[in-house]
Amino acid sequence: MRALLIVNPNATATTPAGRDLLAHALASRLKLEVAHTTHRGHAAELAHRAALEGMSHVVIHGGDGTVNEAINGLLGAPQPGSMQQLPLGRTPTVCVVPGGSANVFARSLGIRPDPVEATNQLLDLLAARQMRRIGLGHCDNRWFCFTAGMGVDAKVVESMEGARKAGHLATPARYVRTTVRTFLRDARSPARLTVTVPGSEPVEGVHYAFVSNTSPWTYLNERPVETNPGTTFEGGLGLFAMRSMGTITSLLVTRQLLSASAQPKNKSLLRLDDIPSVRIQSAEPIGFQIDGDYLGTRSDIEFTSVPDMLEVVAPAAN
């Protein structure tokens with residue numbers, strides 16, 4: 001079986017020793033080619049080539065942004081309901097070895113966060129032919145693996161990207177500080193979003209909205225942050241939309257998000273699991289992110305769940 005290992009050498013948790021170990025281990029099981037990304041979008045180019053060449057597996061060693069790029073390269077960017085732009089033939093199976101700071105997608109699949117442990121786990125999964133088909137989210141002519149959002153979270157992602165470009169590490173502590181600063185700065189801003197779910201009346205006066213394809217939404221070190229605990233890769237999308245940025249309300253909801261049995265509830269919170277789609281509109285262009293990657297501003301986006309889109313090497317769903 002031919003496979004391509006895509007490595008982002010600039011990802012937070014990748015090291016030369018770890019990359020060599022991973023490549024050596026995989027070469028014992030697969031006919032392996034190794035490629036290092038050199039520019040934004042390179043992972044998508046490499047994954048697309050692997051699909052066209054009929055490779056059986058694409059192994060991604062990097063953070064969530066690299067994973068998102070590679071999956072979009074594999075699948076192309078069709079509009080919902082149309083598969084015309086997808087590569088012909090079988091799409092390679094995806095394997096992920098965490099190499100970033102949060103690694104939400106890999107960890108949500110049950111992949112161990114430590115790269116060395118994940119490498120050993122991957123070898124065992126490959127030997128057992130342990131595969132799993134998952135659904136993906138689609139919006140703005142792109143696929144997303146675990147989350148997309150408009151509002152505060154996009155501004156946080158934008159700030160974190162700026163910090164990384166300035167040479168700062170994307171640590172959980174920096175993420176928390178950035179989130180608090182962004183939240184306080186935006187707390188007095190007017191609610192600009194309108195959220196519409198099929199079969200329901202539009203909900204106006206929303207400050208920010210998260211759309212999830214799985215749970216948790218993210219991690220703070222080992223602690224999961226669960227906005228939509230009932231959302232899974234095998235179901236529809238989750239929606240978490242807040243109509244208040246008041247201090248007391250925000251603290252109560254944050255406490256729920258971090259609890260061991262998270263089931264966030266609040267009169268200012270619109271939370272739905274397993275929905276087929278949701279439309280989010282803004283009175284003016286507002287920040288937008290996909291899988292932790294800031295994509296600029298948008299004013300009208302349709303988020304859609306597309307089931308059974310991707311085969312991954314991963315433990316069986318719980």
# chains A, B, ... in the order shown; residues from 1 in each chain; ligands from 1

$ residues_around --residues "region 295-303 of chain A" --least-positions-apart "3" --cutoff "12 Å" --atoms "only C-alpha atoms" --output "MDAnalysis selection string"
chainID A and resid 65 79:80 136:144 147:155 157:158 161 192:198 209:213 236:239 275:292 306

$ select_by_dssp --residues "region 94-262 of chain A" --states "alpha helix (DSSP H)" --output "ChimeraX atom specification"
/A:104-108,115-127,152-165,172-186,247-257

$ residues_around --residues "Asn221 (chain A)" --least-positions-apart "2" --cutoff "12 Å" --atoms "only C-alpha atoms" --output "NGL selection string"
:A and (101-104 or 107 or 113-114 or 170-176 or 218-219 or 223-225 or 258)

$ write_last_selection --atoms "N, CA and C atoms" --output "PDB file, in the first residue's frame"
ATOM      1  N   SER A 101      -0.670  22.456  18.668  1.00  0.00           N
ATOM      2  CA  SER A 101      -0.826  22.819  20.076  1.00  0.00           C
ATOM      3  C   SER A 101      -2.080  22.210  20.693  1.00  0.00           C
ATOM      4  N   ALA A 102      -3.208  22.254  19.991  1.00  0.00           N
ATOM      5  CA  ALA A 102      -4.459  21.723  20.542  1.00  0.00           C
ATOM      6  C   ALA A 102      -4.798  20.342  19.989  1.00  0.00           C
ATOM      7  N   ASN A 103      -4.628  20.143  18.678  1.00  0.00           N
ATOM      8  CA  ASN A 103      -4.888  18.844  18.033  1.00  0.00           C
ATOM      9  C   ASN A 103      -6.304  18.337  18.333  1.00  0.00           C
ATOM     10  N   VAL A 104      -7.276  19.219  18.166  1.00  0.00           N
ATOM     11  CA  VAL A 104      -8.650  18.885  18.542  1.00  0.00           C
ATOM     12  C   VAL A 104      -9.200  17.739  17.699  1.00  0.00           C
ATOM     13  N   ARG A 107      -7.582  14.298  18.665  1.00  0.00           N
ATOM     14  CA  ARG A 107      -7.994  13.865  20.006  1.00  0.00           C
ATOM     15  C   ARG A 107      -9.471  13.504  20.049  1.00  0.00           C
ATOM     16  N   PRO A 113      -2.612  12.351  22.303  1.00  0.00           N
ATOM     17  CA  PRO A 113      -2.032  13.662  21.980  1.00  0.00           C
ATOM     18  C   PRO A 113      -0.518  13.678  21.845  1.00  0.00           C
ATOM     19  N   ASP A 114       0.173  12.759  22.529  1.00  0.00           N
ATOM     20  CA  ASP A 114       1.630  12.714  22.424  1.00  0.00           C
ATOM     21  C   ASP A 114       2.025  12.093  21.083  1.00  0.00           C
ATOM     22  N   ALA A 170       1.926  29.171  20.868  1.00  0.00           N
ATOM     23  CA  ALA A 170       0.465  29.103  21.052  1.00  0.00           C
ATOM     24  C   ALA A 170       0.146  28.209  22.237  1.00  0.00           C
ATOM     25  N   THR A 171       0.424  28.701  23.448  1.00  0.00           N
ATOM     26  CA  THR A 171       0.199  27.920  24.658  1.00  0.00           C
ATOM     27  C   THR A 171      -1.241  28.088  25.145  1.00  0.00           C
ATOM     28  N   PRO A 172      -1.748  27.135  25.941  1.00  0.00           N
ATOM     29  CA  PRO A 172      -3.088  27.302  26.518  1.00  0.00           C
ATOM     30  C   PRO A 172      -3.225  28.582  27.335  1.00  0.00           C
ATOM     31  N   ALA A 173      -2.169  28.951  28.061  1.00  0.00           N
ATOM     32  CA  ALA A 173      -2.235  30.177  28.863  1.00  0.00           C
ATOM     33  C   ALA A 173      -2.399  31.411  27.976  1.00  0.00           C
ATOM     34  N   ARG A 174      -1.673  31.446  26.874  1.00  0.00           N
ATOM     35  CA  ARG A 174      -1.810  32.575  25.949  1.00  0.00           C
ATOM     36  C   ARG A 174      -3.203  32.586  25.321  1.00  0.00           C
ATOM     37  N   TYR A 175      -3.723  31.405  25.026  1.00  0.00           N
ATOM     38  CA  TYR A 175      -5.067  31.312  24.452  1.00  0.00           C
ATOM     39  C   TYR A 175      -6.105  31.862  25.428  1.00  0.00           C
ATOM     40  N   VAL A 176      -5.983  31.517  26.700  1.00  0.00           N
ATOM     41  CA  VAL A 176      -6.938  32.007  27.702  1.00  0.00           C
ATOM     42  C   VAL A 176      -6.839  33.525  27.833  1.00  0.00           C
ATOM     43  N   THR A 218     -13.027  22.303  21.953  1.00  0.00           N
ATOM     44  CA  THR A 218     -11.586  22.481  22.011  1.00  0.00           C
ATOM     45  C   THR A 218     -11.080  21.873  23.307  1.00  0.00           C
ATOM     46  N   TYR A 219      -9.789  22.027  23.571  1.00  0.00           N
ATOM     47  CA  TYR A 219      -9.173  21.549  24.807  1.00  0.00           C
ATOM     48  C   TYR A 219      -8.345  22.668  25.430  1.00  0.00           C
ATOM     49  N   ARG A 223      -8.069  19.341  29.636  1.00  0.00           N
ATOM     50  CA  ARG A 223      -9.482  19.545  29.935  1.00  0.00           C
ATOM     51  C   ARG A 223     -10.278  19.826  28.662  1.00  0.00           C
ATOM     52  N   PRO A 224     -11.293  19.010  28.367  1.00  0.00           N
ATOM     53  CA  PRO A 224     -12.137  19.293  27.211  1.00  0.00           C
ATOM     54  C   PRO A 224     -13.103  20.436  27.489  1.00  0.00           C
ATOM     55  N   VAL A 225     -13.365  21.241  26.470  1.00  0.00           N
ATOM     56  CA  VAL A 225     -14.363  22.303  26.538  1.00  0.00           C
ATOM     57  C   VAL A 225     -15.505  21.883  25.621  1.00  0.00           C
ATOM     58  N   LEU A 258     -16.794  23.817  31.219  1.00  0.00           N
ATOM     59  CA  LEU A 258     -15.605  23.162  31.758  1.00  0.00           C
ATOM     60  C   LEU A 258     -15.926  22.049  32.746  1.00  0.00           C
TER      61      LEU A 258
END

$ closest_residue --among "A:Pro190, A:Gly63, A:Pro9, A:Gly54" --to "Phe105 (chain A)" --atoms "only C-alpha atoms"
A:Gly63

$ atom_distance --atom1 "CA of Asn10 (chain A)" --atom2 "CA of Gly76 (chain A)"
24.6 Å
